[in-house]
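Student: Below is a structure I'd like to ask you about.
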Number of protein chains: 2
Amino acid sequence: MGRTSTPGNVAGDKPAMAAGGRSELRLNSFLPYVLNNLAERVSAGLSRIYTDEYQLSIPEWRVLANLAEHGILNARQIVEFTTMEKSKVSRAVANLSARGMVSQQRAEGDSRAKDLALTRAGKALYASIVPRVLAWERDLLDGLSPGEYRDLMYVLEKLGTRLRSMR
Amino acid sequence: MGRTSTPGNVAGDKPAMAAGGRSELRLNSFLPYVLNNLAERVSAGLSRIYTDEYQLSIPEWRVLANLAEHGILNARQIVEFTTMEKSKVSRAVANLSARGMVSQQRAEGDSRAKDLALTRAGKALYASIVPRVLAWERDLLDGLSPGEYRDLMYVLEKLGTRLRSMR
DNA sequence: GCAAAATAGTTGCAAGTGAGACTAATATAG
DNA sequence: CTATATTAGTCTCACTTGCAACTATTTTGC
């Protein structure tokens with residue numbers, strides 16, 4: 001599982017050119033474009049599971065998943081984890097709460113904040129969705145070798161870090 | 001530029017498990033989640049360039065870039081290239097047209113369709129943006145080795161293909 | 001050659017969104 | 001302490017979006 005050889009050099013070379021200054025834009029090898037197109041299509045494919053079958057919006061699903069994973073969180077923490085707007089999080093929480101999936105309780109020691117947690121029903125909902133989305137991911141990743149998968153996740157992680165340090 | 005060794009195994013192993021059926025979801029190694037978070041943050045960072053400084057919305061920028069790259073296109077083709085909603089494309093085209101950046105002309109042989117193309121002003125606008133977005137991308141990619149970059153683009157491409165065959 | 005289906009593109013409408021004003025509570029500084 | 005700044009979360013408003021309905025044209029099938 002060594003280098004992922006690129007048959008036909010699909011991606012083209014890295015646009016380094018620090019000296020020499022070529023400056024043409026090819027969308028198919030422009031990372032922001034490629035990344036966004038792919039992410040949107042992945043999101044659209046996956047979200048059909050929890051929207052169609054569980055009437056959860058994407059923001060609601062993200063809140064659900066983060067609460068499932070981290071236990072008790074307040075809205076600000078969810079904002080940090082998801083990079084969603086705080087108003088978006090607020091509304092997603094309100095909806096989930098109205099549907100009895102999330103409990104809210106003023107936080108001890110800071111009564112501005114609310115401790116959010118999944119209710120029993122929320123956990124059950126989450127538990128019923130997880131296998132479906134994992135299966136979907138598995139299906140998507142099917143063509144990737146373990147090495148390719150690791151490379152991918154590693155580089156995405158690296159880009160995320162880099163991005164954090166850019167502005 | 002060989003295997004991208006993963007210090008500390010940031011990404012975790014590929015969730016293959018075809019047999020054995022583990023089923024826990026960890027968001028930080030759940031590709032759709034990681035991909036979307038990254039893509040959104042990349043998009044937010046990059047789009048500041050053409051929104052703040054050129055008053056272009058993201059859909060408008062995408063239309064502009066596709067016309068610059070492919071020459072004459074109709075709206076349907078832009079929809080294909082960008083995977084944006086056709087109404088979104090329609091409105092972006094209308095705006096660009098109103099600002100004199102895009103010309104429209106009924107297509108020969110099919111008078112439902114319109115041949116869209118950049119005007120001189122549209123090309124000039126595009127030409128002034130390209131160096132900025134390329135510089136931004138270069139900055140983002142700075143920490144990546146050429147091998148990592150190729151791995152990334154190759155795997156993203158592969159996922160895109162896979163996705164197309166899923167539905 | 002014509003009726004029915006398909007396609008290109010626009011538009012109306014309801015829902016979702018982002019930005020920022022706002023309320024309430026807490027932290028900071030002098 | 002008290003005044004000021006900061007923070008958590010909600011809410012309002014203007015704008016964007018997605019969907020479906022719609023017009024106009026072209027293609028298909030009989």
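Starting from 1 in every chain, residues are counted up; chains themselves are A, B, ... following the order of the structure tokens, and ligands are numbered from 1 as listed.
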Would you mind writing down, as JSON, numbers by chain, each residue of chain A that DSSP on the backbone assigns to strand (DSSP E)?

Tutor: {"A": [102, 103, 104, 105, 106, 107, 110, 111, 112, 113, 114, 115, 116, 117, 118]}

Student: Hey, could you lay chain A over chain B with a least-squares C-alpha fit (all atoms, paired in order) and save it as a short mmCIF file (atom, residue, chain, number, x, y, z; two decimals) with C-alpha atoms, in the first residue's frame?

Tutor:
```cif
data_model
loop_
_atom_site.label_atom_id
_atom_site.label_comp_id
_atom_site.auth_asym_id
_atom_site.auth_seq_id
_atom_site.Cartn_x
_atom_site.Cartn_y
_atom_site.Cartn_z
CA MET A 1 7.74 11.23 -1.19
CA GLY A 2 6.48 7.80 -0.39
CA ARG A 3 3.74 6.83 1.98
CA THR A 4 2.53 9.70 3.98
CA SER A 5 3.38 8.37 7.38
CA THR A 6 0.71 9.24 9.89
CA PRO A 7 2.37 10.40 13.10
CA GLY A 8 0.29 9.32 16.01
CA ASN A 9 -2.18 7.70 13.65
CA VAL A 10 -4.31 10.79 13.57
CA ALA A 11 -6.90 9.37 11.28
CA GLY A 12 -7.30 5.95 12.78
CA ASP A 13 -7.74 2.83 10.74
CA LYS A 14 -10.07 2.44 7.88
CA PRO A 15 -13.41 1.32 9.17
CA ALA A 16 -13.53 -1.76 7.03
CA MET A 17 -14.80 -4.36 9.46
CA ALA A 18 -16.81 -6.08 6.76
CA ALA A 19 -17.01 -8.96 9.16
CA GLY A 20 -17.11 -8.29 12.87
CA GLY A 21 -19.54 -5.41 12.75
CA ARG A 22 -18.12 -2.78 15.06
CA SER A 23 -20.46 0.12 14.83
CA GLU A 24 -19.38 3.20 16.62
CA LEU A 25 -19.25 6.57 15.01
CA ARG A 26 -16.32 8.86 15.67
CA LEU A 27 -16.91 12.12 13.93
CA ASN A 28 -13.26 12.99 13.56
CA SER A 29 -12.65 9.95 11.46
CA PHE A 30 -16.00 9.93 9.72
CA LEU A 31 -15.19 11.01 6.22
CA PRO A 32 -18.39 12.90 5.35
CA TYR A 33 -18.01 14.96 8.50
CA VAL A 34 -14.32 15.67 8.06
CA LEU A 35 -14.75 16.44 4.40
CA ASN A 36 -17.59 18.85 4.94
CA ASN A 37 -16.00 20.69 7.78
CA LEU A 38 -12.84 21.17 5.80
CA ALA A 39 -14.62 22.12 2.60
CA GLU A 40 -16.73 24.68 4.39
CA ARG A 41 -13.76 26.24 6.05
CA VAL A 42 -11.80 26.31 2.83
CA SER A 43 -14.73 27.85 1.04
CA ALA A 44 -15.21 30.45 3.73
CA GLY A 45 -11.56 31.40 3.65
CA LEU A 46 -11.27 31.57 -0.08
CA SER A 47 -14.57 33.21 -0.80
CA ARG A 48 -13.61 36.21 1.23
CA ILE A 49 -11.43 37.18 -1.71
CA TYR A 50 -14.15 37.38 -4.29
CA THR A 51 -17.00 38.41 -2.02
CA ASP A 52 -15.28 41.15 -0.05
CA GLU A 53 -13.22 42.57 -2.82
CA TYR A 54 -15.21 41.84 -5.94
CA GLN A 55 -18.79 41.55 -4.62
CA LEU A 56 -19.23 38.16 -6.19
CA SER A 57 -21.32 35.51 -4.51
CA ILE A 58 -20.03 31.97 -4.51
CA PRO A 59 -22.46 30.85 -7.22
CA GLU A 60 -21.49 33.85 -9.31
CA TRP A 61 -17.82 33.06 -8.91
CA ARG A 62 -18.40 29.48 -9.95
CA VAL A 63 -20.26 30.50 -13.05
CA LEU A 64 -17.57 33.02 -13.90
CA ALA A 65 -14.81 30.46 -13.47
CA ASN A 66 -16.55 27.83 -15.51
CA LEU A 67 -17.23 30.21 -18.35
CA ALA A 68 -13.65 31.38 -18.24
CA GLU A 69 -12.42 27.85 -18.42
CA HIS A 70 -14.80 26.34 -20.94
CA GLY A 71 -15.72 29.28 -23.12
CA ILE A 72 -19.32 29.19 -24.30
CA LEU A 73 -21.68 27.18 -22.14
CA ASN A 74 -25.38 27.06 -21.55
CA ALA A 75 -26.94 26.96 -18.12
CA ARG A 76 -27.50 23.23 -18.18
CA GLN A 77 -23.82 22.60 -18.76
CA ILE A 78 -22.92 24.86 -15.89
CA VAL A 79 -25.29 22.87 -13.72
CA GLU A 80 -23.44 19.72 -14.70
CA PHE A 81 -20.02 21.15 -14.02
CA THR A 82 -20.88 22.71 -10.71
CA THR A 83 -23.61 20.45 -9.35
CA MET A 84 -25.48 23.60 -8.33
CA GLU A 85 -29.27 23.81 -8.57
CA LYS A 86 -30.47 25.08 -11.90
CA SER A 87 -32.33 27.92 -10.23
CA LYS A 88 -29.13 28.93 -8.49
CA VAL A 89 -27.29 28.96 -11.78
CA SER A 90 -30.10 30.89 -13.41
CA ARG A 91 -29.93 33.60 -10.78
CA ALA A 92 -26.16 33.77 -10.80
CA VAL A 93 -26.18 34.16 -14.56
CA ALA A 94 -28.87 36.83 -14.36
CA ASN A 95 -26.78 38.82 -11.90
CA LEU A 96 -23.58 38.50 -13.85
CA SER A 97 -25.43 39.44 -16.97
CA ALA A 98 -26.95 42.50 -15.31
CA ARG A 99 -23.46 43.54 -14.32
CA GLY A 100 -22.21 43.16 -17.84
CA MET A 101 -19.91 40.26 -17.08
CA VAL A 102 -21.75 37.65 -19.11
CA SER A 103 -23.38 37.82 -22.49
CA GLN A 104 -26.39 35.74 -23.40
CA GLN A 105 -27.52 34.77 -26.84
CA ARG A 106 -30.11 32.29 -27.96
CA ALA A 107 -28.33 29.17 -29.08
CA GLU A 108 -28.38 28.34 -32.76
CA GLY A 109 -30.46 25.30 -33.43
CA ASP A 110 -32.13 25.32 -30.02
CA SER A 111 -33.81 28.51 -29.07
CA ARG A 112 -34.65 27.34 -25.57
CA ALA A 113 -31.00 27.37 -24.64
CA LYS A 114 -28.77 30.39 -24.34
CA ASP A 115 -25.12 30.51 -25.17
CA LEU A 116 -23.39 32.15 -22.26
CA ALA A 117 -19.98 33.70 -22.48
CA LEU A 118 -17.82 36.15 -20.58
CA THR A 119 -17.78 39.66 -21.89
CA ARG A 120 -14.54 41.56 -22.07
CA ALA A 121 -15.33 42.97 -18.64
CA GLY A 122 -16.08 39.49 -17.36
CA LYS A 123 -12.76 38.21 -18.57
CA ALA A 124 -10.99 41.15 -17.01
CA LEU A 125 -12.71 40.54 -13.71
CA TYR A 126 -11.79 36.90 -13.83
CA ALA A 127 -8.21 37.69 -14.74
CA SER A 128 -7.89 39.96 -11.75
CA ILE A 129 -9.24 37.36 -9.36
CA VAL A 130 -7.29 34.33 -10.54
CA PRO A 131 -3.89 35.32 -9.17
CA ARG A 132 -5.45 36.01 -5.80
CA VAL A 133 -7.19 32.69 -5.45
CA LEU A 134 -4.19 30.81 -6.77
CA ALA A 135 -2.01 32.53 -4.22
CA TRP A 136 -4.46 31.58 -1.52
CA GLU A 137 -4.45 27.96 -2.65
CA ARG A 138 -0.68 27.96 -2.77
CA ASP A 139 -0.64 29.21 0.76
CA LEU A 140 -3.02 26.48 1.86
CA LEU A 141 -1.01 23.78 0.14
CA ASP A 142 2.25 25.03 1.46
CA GLY A 143 2.62 22.38 4.11
CA LEU A 144 1.93 19.51 1.74
CA SER A 145 4.63 17.64 -0.04
CA PRO A 146 4.13 17.12 -3.76
CA GLY A 147 3.42 13.47 -3.01
CA GLU A 148 0.82 14.30 -0.45
CA TYR A 149 -0.81 16.67 -2.86
CA ARG A 150 -0.94 14.07 -5.58
CA ASP A 151 -2.27 11.44 -3.20
CA LEU A 152 -4.94 13.80 -2.09
CA MET A 153 -6.13 14.83 -5.52
CA TYR A 154 -6.02 11.27 -6.73
CA VAL A 155 -8.09 9.93 -3.87
CA LEU A 156 -10.60 12.77 -4.09
CA GLU A 157 -10.98 12.02 -7.76
CA LYS A 158 -11.49 8.36 -6.98
CA LEU A 159 -14.13 9.15 -4.39
CA GLY A 160 -15.90 11.37 -6.86
CA THR A 161 -16.07 8.54 -9.33
CA ARG A 162 -17.22 6.10 -6.71
CA LEU A 163 -19.91 8.49 -5.61
CA ARG A 164 -21.22 8.80 -9.12
CA SER A 165 -21.78 5.09 -9.22
CA MET A 166 -23.56 4.91 -5.88
CA ARG A 167 -27.26 5.84 -6.50
#
```

Student: So which residues of segment 44-106 of chain A fall under helix (DSSP H, G or I) by DSSP, listed as a ChimeraX atom specification?

Tutor: /A:44-52,58-70,75-82,86-98

Student: Keeping N, CA and C atoms for every residue in the selection just given, could you write it to a file as a tab-separated table (two decimals), in the first residue's frame?

Tutor:
```tsv
chain	number	residue	atom	x	y	z
A	44	ALA	N	-24.93	15.41	0.26
A	44	ALA	CA	-26.25	15.19	-0.33
A	44	ALA	C	-26.62	13.72	-0.30
A	45	GLY	N	-25.65	12.88	-0.62
A	45	GLY	CA	-25.90	11.45	-0.64
A	45	GLY	C	-26.19	10.92	0.75
A	46	LEU	N	-25.35	11.29	1.67
A	46	LEU	CA	-25.50	10.78	3.03
A	46	LEU	C	-26.75	11.32	3.71
A	47	SER	N	-26.99	12.61	3.51
A	47	SER	CA	-28.06	13.23	4.29
A	47	SER	C	-29.42	12.67	3.92
A	48	ARG	N	-29.50	12.07	2.76
A	48	ARG	CA	-30.79	11.48	2.42
A	48	ARG	C	-31.22	10.49	3.50
A	49	ILE	N	-30.27	9.81	4.09
A	49	ILE	CA	-30.60	8.84	5.14
A	49	ILE	C	-31.33	9.49	6.30
A	50	TYR	N	-30.74	10.54	6.84
A	50	TYR	CA	-31.38	11.08	8.05
A	50	TYR	C	-32.45	12.12	7.77
A	51	THR	N	-32.46	12.68	6.56
A	51	THR	CA	-33.58	13.58	6.25
A	51	THR	C	-34.81	12.79	5.83
A	52	ASP	N	-34.66	11.96	4.82
A	52	ASP	CA	-35.80	11.21	4.32
A	52	ASP	C	-36.41	10.31	5.38
A	58	ILE	N	-29.71	18.63	8.37
A	58	ILE	CA	-28.28	18.43	8.55
A	58	ILE	C	-27.78	19.05	9.86
A	59	PRO	N	-28.14	20.28	10.15
A	59	PRO	CA	-27.71	20.85	11.43
A	59	PRO	C	-28.19	20.02	12.62
A	60	GLU	N	-29.41	19.52	12.53
A	60	GLU	CA	-29.93	18.71	13.63
A	60	GLU	C	-29.12	17.42	13.79
A	61	TRP	N	-28.83	16.80	12.67
A	61	TRP	CA	-28.01	15.59	12.71
A	61	TRP	C	-26.65	15.87	13.33
A	62	ARG	N	-26.06	16.98	12.97
A	62	ARG	CA	-24.74	17.28	13.50
A	62	ARG	C	-24.76	17.50	15.01
A	63	VAL	N	-25.80	18.17	15.46
A	63	VAL	CA	-25.93	18.39	16.89
A	63	VAL	C	-26.12	17.05	17.60
A	64	LEU	N	-27.00	16.27	17.05
A	64	LEU	CA	-27.27	14.93	17.61
A	64	LEU	C	-25.98	14.13	17.73
A	65	ALA	N	-25.23	14.10	16.64
A	65	ALA	CA	-24.01	13.28	16.61
A	65	ALA	C	-22.97	13.80	17.59
A	66	ASN	N	-22.87	15.10	17.70
A	66	ASN	CA	-21.88	15.64	18.63
A	66	ASN	C	-22.27	15.40	20.07
A	67	LEU	N	-23.55	15.48	20.36
A	67	LEU	CA	-23.98	15.19	21.72
A	67	LEU	C	-23.80	13.71	22.03
A	68	ALA	N	-24.07	12.89	21.06
A	68	ALA	CA	-23.89	11.45	21.26
A	68	ALA	C	-22.43	11.14	21.56
A	69	GLU	N	-21.58	11.83	20.84
A	69	GLU	CA	-20.16	11.52	20.98
A	69	GLU	C	-19.54	12.11	22.23
A	70	HIS	N	-19.94	13.33	22.57
A	70	HIS	CA	-19.24	14.03	23.64
A	70	HIS	C	-20.02	14.10	24.94
A	75	ALA	N	-24.14	25.02	23.84
A	75	ALA	CA	-24.25	25.41	22.44
A	75	ALA	C	-22.91	25.92	21.89
A	76	ARG	N	-22.21	26.68	22.70
A	76	ARG	CA	-20.93	27.22	22.25
A	76	ARG	C	-19.96	26.11	21.85
A	77	GLN	N	-19.93	25.06	22.63
A	77	GLN	CA	-19.04	23.95	22.31
A	77	GLN	C	-19.44	23.27	21.00
A	78	ILE	N	-20.73	23.17	20.80
A	78	ILE	CA	-21.20	22.58	19.55
A	78	ILE	C	-20.79	23.45	18.37
A	79	VAL	N	-20.88	24.75	18.57
A	79	VAL	CA	-20.41	25.68	17.54
A	79	VAL	C	-18.94	25.40	17.20
A	80	GLU	N	-18.15	25.22	18.24
A	80	GLU	CA	-16.72	24.96	18.01
A	80	GLU	C	-16.50	23.66	17.24
A	81	PHE	N	-17.18	22.63	17.67
A	81	PHE	CA	-17.00	21.33	17.03
A	81	PHE	C	-17.45	21.34	15.57
A	82	THR	N	-18.54	22.00	15.32
A	82	THR	CA	-19.15	21.88	14.00
A	82	THR	C	-18.81	23.02	13.05
A	86	LYS	N	-23.79	30.16	15.29
A	86	LYS	CA	-24.43	29.90	16.58
A	86	LYS	C	-25.95	29.96	16.48
A	87	SER	N	-26.46	30.77	15.56
A	87	SER	CA	-27.92	30.80	15.41
A	87	SER	C	-28.43	29.48	14.83
A	88	LYS	N	-27.63	28.92	13.95
A	88	LYS	CA	-28.00	27.63	13.36
A	88	LYS	C	-28.05	26.56	14.46
A	89	VAL	N	-27.05	26.56	15.29
A	89	VAL	CA	-27.00	25.60	16.39
A	89	VAL	C	-28.19	25.83	17.32
A	90	SER	N	-28.44	27.09	17.62
A	90	SER	CA	-29.55	27.41	18.51
A	90	SER	C	-30.86	26.84	17.99
A	91	ARG	N	-31.08	27.02	16.70
A	91	ARG	CA	-32.34	26.54	16.13
A	91	ARG	C	-32.39	25.02	16.05
A	92	ALA	N	-31.27	24.42	15.74
A	92	ALA	CA	-31.24	22.96	15.69
A	92	ALA	C	-31.53	22.38	17.07
A	93	VAL	N	-30.93	22.97	18.07
A	93	VAL	CA	-31.15	22.52	19.44
A	93	VAL	C	-32.61	22.70	19.83
A	94	ALA	N	-33.16	23.86	19.48
A	94	ALA	CA	-34.57	24.12	19.81
A	94	ALA	C	-35.48	23.05	19.19
A	95	ASN	N	-35.21	22.71	17.95
A	95	ASN	CA	-36.03	21.69	17.28
A	95	ASN	C	-35.88	20.33	17.93
A	96	LEU	N	-34.65	19.95	18.17
A	96	LEU	CA	-34.41	18.64	18.78
A	96	LEU	C	-35.04	18.59	20.17
A	97	SER	N	-34.97	19.69	20.83
A	97	SER	CA	-35.53	19.76	22.17
A	97	SER	C	-37.06	19.63	22.11
A	98	ALA	N	-37.64	20.33	21.15
A	98	ALA	CA	-39.10	20.27	20.98
A	98	ALA	C	-39.55	18.85	20.64
```

Student: Taking only residues of chain D that have an atom at most 10 Å from an atom of chain B, what is each one's shortest atom pair and its distance in Å to one decimal, using only C-alpha atoms (C1' of nucleotides), in chain and number order, as JSON lines?

Tutor:
```
{"residue": "D:DT16", "atom": "C1'", "partner": "B:Lys88", "partner_atom": "CA", "distance": 9.4}
{"residue": "D:DT17", "atom": "C1'", "partner": "B:Lys88", "partner_atom": "CA", "distance": 7.9}
{"residue": "D:DG18", "atom": "C1'", "partner": "B:Glu85", "partner_atom": "CA", "distance": 7.8}
{"residue": "D:DC19", "atom": "C1'", "partner": "B:Ser87", "partner_atom": "CA", "distance": 9.7}
{"residue": "D:DA24", "atom": "C1'", "partner": "B:Arg112", "partner_atom": "CA", "distance": 6.8}
{"residue": "D:DT25", "atom": "C1'", "partner": "B:Arg112", "partner_atom": "CA", "distance": 5.5}
{"residue": "D:DT26", "atom": "C1'", "partner": "B:Asp110", "partner_atom": "CA", "distance": 7.4}
```

Student: Give the residues of chain C that lie within 9 Å of chain B; count only C-alpha atoms (C1' of nucleotides), and format the answer as a ChimeraX atom specification.

Tutor: /C:7-11

Student: Report, in Å with one decimal, the straight-line distance from atom C1' of DG1 of chain C to atom C1' of DT23 of chain D.

Tutor: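 Spanning atom C1' of DG1 of chain C to atom C1' of DT23 of chain D is a straight-line distance of 23.5 Å.
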
Student: One decimal, Å: what's the distance from atom C1' of DT10 of chain D over to atom C1' of DA19 of chain C, could you say?

Tutor: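 Atom C1' of DA19 of chain C lies 13.7 Å from atom C1' of DT10 of chain D.
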
Student: Go through D:DC15, D:DT28, D:DC22, D:DT6 one by one, measure the shortest atom-to-atom distance of each to DG16 of chain C using only C-alpha atoms (C1' of nucleotides), and give the residue with the smallest value.

Tutor: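 For DG16 of chain C, the nearest of the candidates is D:DC15.
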